[in-house]
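Quick look at upload33.pdb (PDB, C-alpha atoms):
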MODEL        1
ATOM      1  CA  MET A 291     151.418-172.826-130.010  1.00  0.00           C
ATOM      2  CA  ALA A 292     152.936-174.959-127.391  1.00  0.00           C
ATOM      3  CA  LEU A 293     151.054-177.740-125.756  1.00  0.00           C
ATOM      4  CA  GLU A 294     151.022-175.898-122.490  1.00  0.00           C
ATOM      5  CA  ASP A 295     149.449-172.882-124.060  1.00  0.00           C
ATOM      6  CA  ILE A 296     146.789-175.046-125.684  1.00  0.00           C
ATOM      7  CA  LEU A 297     146.053-176.754-122.374  1.00  0.00           C
ATOM      8  CA  ASP A 298     145.910-173.377-120.609  1.00  0.00           C
ATOM      9  CA  SER A 299     143.539-172.094-123.259  1.00  0.00           C
ATOM     10  CA  ILE A 300     141.313-175.194-122.907  1.00  0.00           C
ATOM     11  CA  ARG A 301     141.405-174.878-119.138  1.00  0.00           C
ATOM     12  CA  ARG A 302     140.442-171.184-119.297  1.00  0.00           C
ATOM     13  CA  GLU A 303     137.620-171.929-121.720  1.00  0.00           C
ATOM     14  CA  ALA A 304     136.485-174.787-119.462  1.00  0.00           C
ATOM     15  CA  GLU A 305     136.655-172.536-116.400  1.00  0.00           C
ATOM     16  CA  GLU A 306     134.750-169.798-118.244  1.00  0.00           C
ATOM     17  CA  GLN A 307     132.133-172.305-119.398  1.00  0.00           C
ATOM     18  CA  ALA A 308     131.962-173.775-115.881  1.00  0.00           C
ATOM     19  CA  ALA A 309     131.592-170.270-114.417  1.00  0.00           C
ATOM     20  CA  GLU A 310     128.925-169.495-117.005  1.00  0.00           C
ATOM     21  CA  ILE A 311     127.104-172.770-116.259  1.00  0.00           C
ATOM     22  CA  ILE A 312     127.379-172.139-112.506  1.00  0.00           C
ATOM     23  CA  ALA A 313     126.144-168.547-112.928  1.00  0.00           C
ATOM     24  CA  THR A 314     123.230-169.742-115.063  1.00  0.00           C
ATOM     25  CA  ALA A 315     122.455-172.502-112.555  1.00  0.00           C
ATOM     26  CA  GLU A 316     122.641-170.080-109.633  1.00  0.00           C
ATOM     27  CA  SER A 317     120.472-167.604-111.498  1.00  0.00           C
ATOM     28  CA  ARG A 318     117.959-170.368-112.282  1.00  0.00           C
ATOM     29  CA  ALA A 319     118.135-171.588-108.678  1.00  0.00           C
ATOM     30  CA  ASP A 320     117.522-168.032-107.418  1.00  0.00           C
ATOM     31  CA  ALA A 321     114.544-167.714-109.802  1.00  0.00           C
ATOM     32  CA  LEU A 322     113.146-171.085-108.680  1.00  0.00           C
ATOM     33  CA  LEU A 323     113.678-170.154-105.044  1.00  0.00           C
ATOM     34  CA  ALA A 324     111.903-166.808-105.593  1.00  0.00           C
ATOM     35  CA  GLU A 325     109.013-168.602-107.339  1.00  0.00           C
ATOM     36  CA  ALA A 326     108.829-171.155-104.514  1.00  0.00           C
ATOM     37  CA  ARG A 327     108.820-168.402-101.888  1.00  0.00           C
ATOM     38  CA  LEU A 328     106.091-166.542-103.766  1.00  0.00           C
ATOM     39  CA  ALA A 329     104.055-169.735-104.131  1.00  0.00           C
ATOM     40  CA  ALA A 330     104.572-170.499-100.423  1.00  0.00           C
ATOM     41  CA  ARG A 331     103.445-166.975 -99.441  1.00  0.00           C
ATOM     42  CA  GLU A 332     100.386-167.255-101.670  1.00  0.00           C
ATOM     43  CA  ARG A 333      99.569-170.659-100.164  1.00  0.00           C
ATOM     44  CA  GLU A 334     100.026-169.285 -96.647  1.00  0.00           C
ATOM     45  CA  GLU A 335      97.691-166.401 -97.446  1.00  0.00           C
ATOM     46  CA  GLU A 336      95.194-168.813 -98.970  1.00  0.00           C
ATOM     47  CA  LEU A 337      95.401-171.076 -95.913  1.00  0.00           C
ATOM     48  CA  ALA A 338      95.126-168.093 -93.567  1.00  0.00           C
ATOM     49  CA  SER A 339      92.092-166.851 -95.488  1.00  0.00           C
ATOM     50  CA  SER A 340      90.598-170.325 -95.464  1.00  0.00           C
ATOM     51  CA  LEU A 341      91.350-170.617 -91.770  1.00  0.00           C
ATOM     52  CA  ASP A 342      89.777-167.185 -91.184  1.00  0.00           C
ATOM     53  CA  ASP A 343      86.675-168.331 -93.069  1.00  0.00           C
ATOM     54  CA  ARG A 344      86.530-171.498 -90.975  1.00  0.00           C
ATOM     55  CA  ILE A 345      87.048-169.540 -87.783  1.00  0.00           C
ATOM     56  CA  ARG A 346      84.310-167.063 -88.788  1.00  0.00           C
ATOM     57  CA  ASP A 347      82.033-169.978 -89.627  1.00  0.00           C
ATOM     58  CA  LEU A 348      82.823-171.632 -86.292  1.00  0.00           C
ATOM     59  CA  ARG A 349      82.152-168.354 -84.470  1.00  0.00           C
ATOM     60  CA  ARG A 350      78.857-167.958 -86.324  1.00  0.00           C
ATOM     61  CA  ARG A 351      77.837-171.507 -85.444  1.00  0.00           C
ATOM     62  CA  HIS A 352      78.813-171.067 -81.797  1.00  0.00           C
ATOM     63  CA  ALA A 353      76.955-167.765 -81.592  1.00  0.00           C
ATOM     64  CA  SER A 354      73.906-169.322 -83.212  1.00  0.00           C
ATOM     65  CA  ARG A 355      74.043-172.294 -80.860  1.00  0.00           C
ATOM     66  CA  ALA A 356      74.417-169.924 -77.894  1.00  0.00           C
ATOM     67  CA  GLN A 357      71.346-167.960 -79.047  1.00  0.00           C
ATOM     68  CA  ILE A 358      69.366-171.178 -79.388  1.00  0.00           C
ATOM     69  CA  ASP A 359      70.499-172.332 -75.934  1.00  0.00           C
ATOM     70  CA  ALA A 360      69.627-168.947 -74.437  1.00  0.00           C
ATOM     71  CA  ALA A 361      66.189-169.024 -76.064  1.00  0.00           C
ATOM     72  CA  ARG A 362      65.623-172.534 -74.725  1.00  0.00           C
ATOM     73  CA  GLU A 363      66.688-171.432 -71.232  1.00  0.00           C
ATOM     74  CA  ARG A 364      64.330-168.438 -71.394  1.00  0.00           C
ATOM     75  CA  ARG A 365      61.512-170.685 -72.597  1.00  0.00           C
ATOM     76  CA  ASN A 366      62.209-173.204 -69.808  1.00  0.00           C
ATOM     77  CA  ALA A 367      62.389-170.422 -67.212  1.00  0.00           C
ATOM     78  CA  ARG A 368      59.152-168.906 -68.523  1.00  0.00           C
ATOM     79  CA  GLU A 369      57.447-172.304 -68.404  1.00  0.00           C
ATOM     80  CA  GLU A 370      58.770-172.926 -64.896  1.00  0.00           C
ATOM     81  CA  VAL A 371      57.437-169.567 -63.715  1.00  0.00           C
ATOM     82  CA  PHE A 372      54.135-170.195 -65.458  1.00  0.00           C
ATOM     83  CA  GLN A 373      53.796-173.706 -64.016  1.00  0.00           C
ATOM     84  CA  GLY A 374      54.555-172.331 -60.551  1.00  0.00           C
ATOM     85  CA  ALA A 375      51.851-169.703 -60.965  1.00  0.00           C
ATOM     86  CA  LEU A 376      49.465-172.304 -62.357  1.00  0.00           C
ATOM     87  CA  GLU A 377      50.108-174.531 -59.354  1.00  0.00           C
ATOM     88  CA  GLN A 378      49.325-171.634 -57.020  1.00  0.00           C
ATOM     89  CA  VAL A 379      46.113-170.887 -58.915  1.00  0.00           C
ATOM     90  CA  SER A 380      45.165-174.573 -58.841  1.00  0.00           C
ATOM     91  CA  ASN A 381      45.762-174.740 -55.084  1.00  0.00           C
ATOM     92  CA  ARG A 382      43.703-171.603 -54.601  1.00  0.00           C
ATOM     93  CA  LEU A 383      40.846-173.004 -56.712  1.00  0.00           C
ATOM     94  CA  ALA A 384      40.974-176.288 -54.791  1.00  0.00           C
ATOM     95  CA  ARG A 385      40.453-174.284 -51.544  1.00  0.00           C
ATOM     96  CA  LEU A 386      37.777-172.017 -52.998  1.00  0.00           C
ATOM     97  CA  ARG A 387      35.022-174.230 -51.598  1.00  0.00           C
ATOM     98  CA  GLU A 388      36.073-173.073 -48.102  1.00  0.00           C
ATOM     99  CA  GLU A 389      35.390-169.408 -48.911  1.00  0.00           C
ATOM    100  CA  PRO A 390      32.029-167.715 -48.251  1.00  0.00           C
ATOM    101  CA  ARG A 391      31.674-166.557 -51.869  1.00  0.00           C
ATOM    102  CA  TYR A 392      31.861-170.139 -53.165  1.00  0.00           C
ATOM    103  CA  GLU A 393      28.071-170.532 -53.253  1.00  0.00           C
ATOM    104  CA  SER A 394      27.660-167.515 -55.557  1.00  0.00           C
ATOM    105  CA  ILE A 395      30.496-168.769 -57.794  1.00  0.00           C
ATOM    106  CA  LEU A 396      28.876-172.209 -58.078  1.00  0.00           C
ATOM    107  CA  ALA A 397      25.470-170.578 -58.758  1.00  0.00           C
ATOM    108  CA  GLN A 398      27.026-168.513 -61.555  1.00  0.00           C
ATOM    109  CA  LEU A 399      28.638-171.623 -63.092  1.00  0.00           C
ATOM    110  CA  LEU A 400      25.250-173.388 -62.993  1.00  0.00           C
ATOM    111  CA  ASP A 401      23.465-170.377 -64.539  1.00  0.00           C
ATOM    112  CA  GLU A 402      26.030-170.124 -67.366  1.00  0.00           C
ATOM    113  CA  ALA A 403      25.712-173.849 -68.101  1.00  0.00           C
ATOM    114  CA  THR A 404      21.897-173.738 -68.134  1.00  0.00           C
ATOM    115  CA  ALA A 405      22.040-170.776 -70.518  1.00  0.00           C
ATOM    116  CA  THR A 406      23.650-173.196 -73.006  1.00  0.00           C
ATOM    117  CA  LEU A 407      21.639-176.296 -72.046  1.00  0.00           C
ATOM    118  CA  PRO A 408      18.406-174.970 -70.428  1.00  0.00           C
ATOM    119  CA  ASP A 409      16.642-178.234 -69.502  1.00  0.00           C
ATOM    120  CA  PRO A 410      19.270-180.695 -68.258  1.00  0.00           C
ATOM    121  CA  THR A 411      18.102-184.128 -67.164  1.00  0.00           C
ATOM    122  CA  LEU A 412      21.259-184.685 -65.142  1.00  0.00           C
ATOM    123  CA  ILE A 413      23.669-182.438 -63.261  1.00  0.00           C
ATOM    124  CA  ARG A 414      27.003-183.922 -62.259  1.00  0.00           C
ATOM    125  CA  VAL A 415      28.987-182.247 -59.480  1.00  0.00           C
ATOM    126  CA  ASP A 416      31.730-182.873 -56.961  1.00  0.00           C
ATOM    127  CA  PRO A 417      30.310-185.009 -54.109  1.00  0.00           C
ATOM    128  CA  ALA A 418      30.974-182.128 -51.682  1.00  0.00           C
ATOM    129  CA  ASP A 419      28.606-179.903 -53.706  1.00  0.00           C
ATOM    130  CA  ILE A 420      25.605-182.227 -54.106  1.00  0.00           C
ATOM    131  CA  ASP A 421      23.406-180.645 -51.430  1.00  0.00           C
ATOM    132  CA  LEU A 422      24.272-177.094 -52.514  1.00  0.00           C
ATOM    133  CA  VAL A 423      23.604-177.839 -56.215  1.00  0.00           C
ATOM    134  CA  ARG A 424      20.294-179.602 -55.417  1.00  0.00           C
ATOM    135  CA  ARG A 425      19.174-176.473 -53.569  1.00  0.00           C
ATOM    136  CA  LEU A 426      20.394-174.166 -56.391  1.00  0.00           C
ATOM    137  CA  ALA A 427      18.684-176.347 -59.013  1.00  0.00           C
ATOM    138  CA  THR A 428      15.412-176.273 -57.057  1.00  0.00           C
ATOM    139  CA  GLU A 429      15.630-172.479 -56.686  1.00  0.00           C
ATOM    140  CA  ARG A 430      15.986-172.246 -60.487  1.00  0.00           C
ATOM    141  CA  GLY A 431      13.100-174.616 -61.194  1.00  0.00           C
ATOM    142  CA  LEU A 432      15.326-177.341 -62.665  1.00  0.00           C
ATOM    143  CA  ALA A 433      13.907-180.842 -62.338  1.00  0.00           C
ATOM    144  CA  SER A 434      17.279-182.476 -62.849  1.00  0.00           C
ATOM    145  CA  ALA A 435      18.821-185.405 -61.113  1.00  0.00           C
ATOM    146  CA  VAL A 436      22.046-184.506 -59.344  1.00  0.00           C
ATOM    147  CA  GLU A 437      24.847-187.089 -59.290  1.00  0.00           C
ATOM    148  CA  PRO A 438      28.325-187.045 -57.862  1.00  0.00           C
ATOM    149  CA  MET A 439      31.297-186.872 -60.181  1.00  0.00           C
ATOM    150  CA  SER A 440      34.758-186.869 -58.704  1.00  0.00           C
ATOM    151  CA  GLY A 441      37.658-184.751 -59.829  1.00  0.00           C
ATOM    152  CA  ARG A 442      35.945-181.370 -59.826  1.00  0.00           C
ATOM    153  CA  TRP A 443      37.144-178.304 -57.911  1.00  0.00           C
ATOM    154  CA  GLY A 444      33.734-176.862 -58.213  1.00  0.00           C
ATOM    155  CA  GLY A 445      31.337-176.517 -61.045  1.00  0.00           C
ATOM    156  CA  VAL A 446      28.802-178.517 -62.976  1.00  0.00           C
ATOM    157  CA  GLU A 447      28.390-180.806 -65.935  1.00  0.00           C
ATOM    158  CA  LEU A 448      24.917-180.816 -67.458  1.00  0.00           C
ATOM    159  CA  VAL A 449      23.527-183.652 -69.568  1.00  0.00           C
ATOM    160  CA  ALA A 450      20.407-183.626 -71.757  1.00  0.00           C
ATOM    161  CA  ASP A 451      19.505-185.631 -74.867  1.00  0.00           C
ATOM    162  CA  GLY A 452      23.060-186.873 -75.417  1.00  0.00           C
ATOM    163  CA  LYS A 453      24.494-183.389 -75.097  1.00  0.00           C
ATOM    164  CA  GLN A 454      26.890-182.315 -72.362  1.00  0.00           C
ATOM    165  CA  VAL A 455      27.940-178.919 -71.103  1.00  0.00           C
ATOM    166  CA  ARG A 456      30.803-178.717 -68.681  1.00  0.00           C
ATOM    167  CA  ASN A 457      31.295-175.517 -66.731  1.00  0.00           C
ATOM    168  CA  ASP A 458      33.691-175.930 -63.861  1.00  0.00           C
ATOM    169  CA  LEU A 459      36.727-174.183 -62.458  1.00  0.00           C
ATOM    170  CA  ALA A 460      39.181-176.724 -63.934  1.00  0.00           C
ATOM    171  CA  ALA A 461      37.752-176.170 -67.427  1.00  0.00           C
ATOM    172  CA  ARG A 462      37.944-172.404 -66.896  1.00  0.00           C
ATOM    173  CA  LEU A 463      41.591-172.699 -65.902  1.00  0.00           C
ATOM    174  CA  THR A 464      42.362-174.808 -68.962  1.00  0.00           C
ATOM    175  CA  ALA A 465      40.517-172.371 -71.228  1.00  0.00           C
ATOM    176  CA  ALA A 466      42.444-169.453 -69.742  1.00  0.00           C
ATOM    177  CA  ASP A 467      45.843-171.091 -70.386  1.00  0.00           C
ATOM    178  CA  GLU A 468      46.806-168.973 -73.414  1.00  0.00           C
ATOM    179  CA  GLU A 469      45.605-165.729 -71.857  1.00  0.00           C
ATOM    180  CA  MET A 470      47.500-166.519 -68.656  1.00  0.00           C
ATOM    181  CA  ARG A 471      50.685-167.223 -70.636  1.00  0.00           C
ATOM    182  CA  LEU A 472      50.375-163.837 -72.356  1.00  0.00           C
ATOM    183  CA  LEU A 473      49.793-162.152 -69.022  1.00  0.00           C
ATOM    184  CA  ALA A 474      52.826-163.924 -67.508  1.00  0.00           C
ATOM    185  CA  GLY A 475      54.914-162.678 -70.438  1.00  0.00           C
ATOM    186  CA  GLU A 476      53.703-159.122 -69.835  1.00  0.00           C
ATOM    187  CA  LEU A 477      54.387-159.310 -66.105  1.00  0.00           C
ATOM    188  CA  VAL A 478      57.862-160.853 -66.534  1.00  0.00           C
ATOM    189  CA  PRO A 479      59.240-159.450 -69.821  1.00  0.00           C
ATOM    190  CA  GLU A 480      62.789-160.735 -69.121  1.00  0.00           C
ATOM    191  CA  LEU A 481      61.471-164.234 -69.685  1.00  0.00           C
ATOM    192  CA  ARG A 482      60.331-163.228 -73.163  1.00  0.00           C
ATOM    193  CA  GLY A 483      63.834-162.080 -73.931  1.00  0.00           C
ATOM    194  CA  ASP A 484      63.176-158.321 -73.853  1.00  0.00           C
ATOM    195  CA  THR A 485      64.121-155.945 -71.118  1.00  0.00           C
ATOM    196  CA  ARG A 486      61.620-153.178 -71.784  1.00  0.00           C
TER     197      ARG A 486
ENDMDL
END
Any chance you could put this one into structure tokens?
Amino acid sequence: MALEDILDSIRREAEEQAAEIIATAESRADALLAEARLAAREREEELASSLDDRIRDLRRRHASRAQIDAARERRNAREEVFQGALEQVSNRLARLREEPRYESILAQLLDEATATLPDPTLIRVDPADIDLVRRLATERGLASAVEPMSGRWGGVELVADGKQVRNDLAARLTAADEEMRLLAGELVPELRGDTR
């Protein structure tokens, strides 16, 4: 075999081996690229799913916060309406003394208080009611001293042997607070959150 033939044979073998190596490398590169693409797709799906979960969680939190804010607004509106009504009632009670039926209301408050504390030694009333309560006490046979006590819309506070019974319009209003709140909720159901 001539030297040229040997060199051609070596060159062909080298080219075949190089082609084989290149083909193997390209095949391996294609496989690695396919694996990388698959891994990237899986990671994208995982991130998208994770992002979806975070978005759902964020939506849930925002919805929950919105419900809490709405409930607070309803509660504040309900309280504002109630306080407005309470102010009107308070103003009306403060003017009750000017009405003709005031004497019978005050007499009833005195009778209810004496039903609990029958023999008071002292009756405290608003200074504007002293003369009226003295007359009512005398009509009922009560030998009680009558003293002024400021801050009353109308009513009495009886004292006997260290015991006290308060029966006035302010106390009645305070005692009726819960019932009035329920009534306000029935009259204005939107403020409770229902629309029945």
For Leu407 in chain A, list every protein, DNA or RNA residue within 12 Å, evaluated using only C-alpha atoms, and leave out those in the same chain fewer than 6 positions away; present the list as a ChimeraX atom specification.
/A:400-401,413,432,434,446-457
Nearest to Trp443 in chain A among A:Ala403, A:Leu422, A:Leu396, A:Ala356, with distances taken over all atoms listed in the file: which residue is it?
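Among the listed residues, A:Leu396 lies closest to Trp443 in chain A.
Closest approach to Thr464 in chain A among A:Ile395, A:Arg414, A:Leu376, A:Arg385: A:Leu376, based on all atoms listed in the file.
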When you draw a straight line from CA of Ser394 in chain A to CA of Thr411 in chain A, how long is it in Å?
22.4 Å
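Atom pair CA of Phe372 in chain A / CA of Met470 in chain A: separated by 8.2 Å.
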Just to confirm, what's the straight-line distance from CA of Arg333 in chain A to CA of Glu316 in chain A in Å (one decimal)?
24.9 Å
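Nearest-residue note for Ala418 in chain A: choosing from A:Ile311, A:Leu399, A:Met439, A:Leu473, the minimum distance belongs to A:Met439, counting all atoms listed in the file.
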Give the centre and edge lengths of an axis-aligned box, in Å to one decimal, that holds all listed atoms of range 393-404 of chain A with 3 Å on each side, as JSON.
{"center_x": 26.2, "center_y": -170.7, "center_z": -60.7, "size_x": 14.6, "size_y": 12.3, "size_z": 20.9}
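With distances restricted to all atoms listed in the file, A:Leu472 is the closest residue to Arg368 in chain A from A:Leu472, A:Ala313, A:Val423, A:Leu341.
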Given the choices A:Leu348, A:Ile358, A:Val415, A:Ala326, which gets closest to Val436 in chain A if the distance is worked out from all atoms listed in the file?
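Of all the options, A:Val415 lies closest to Val436 in chain A.
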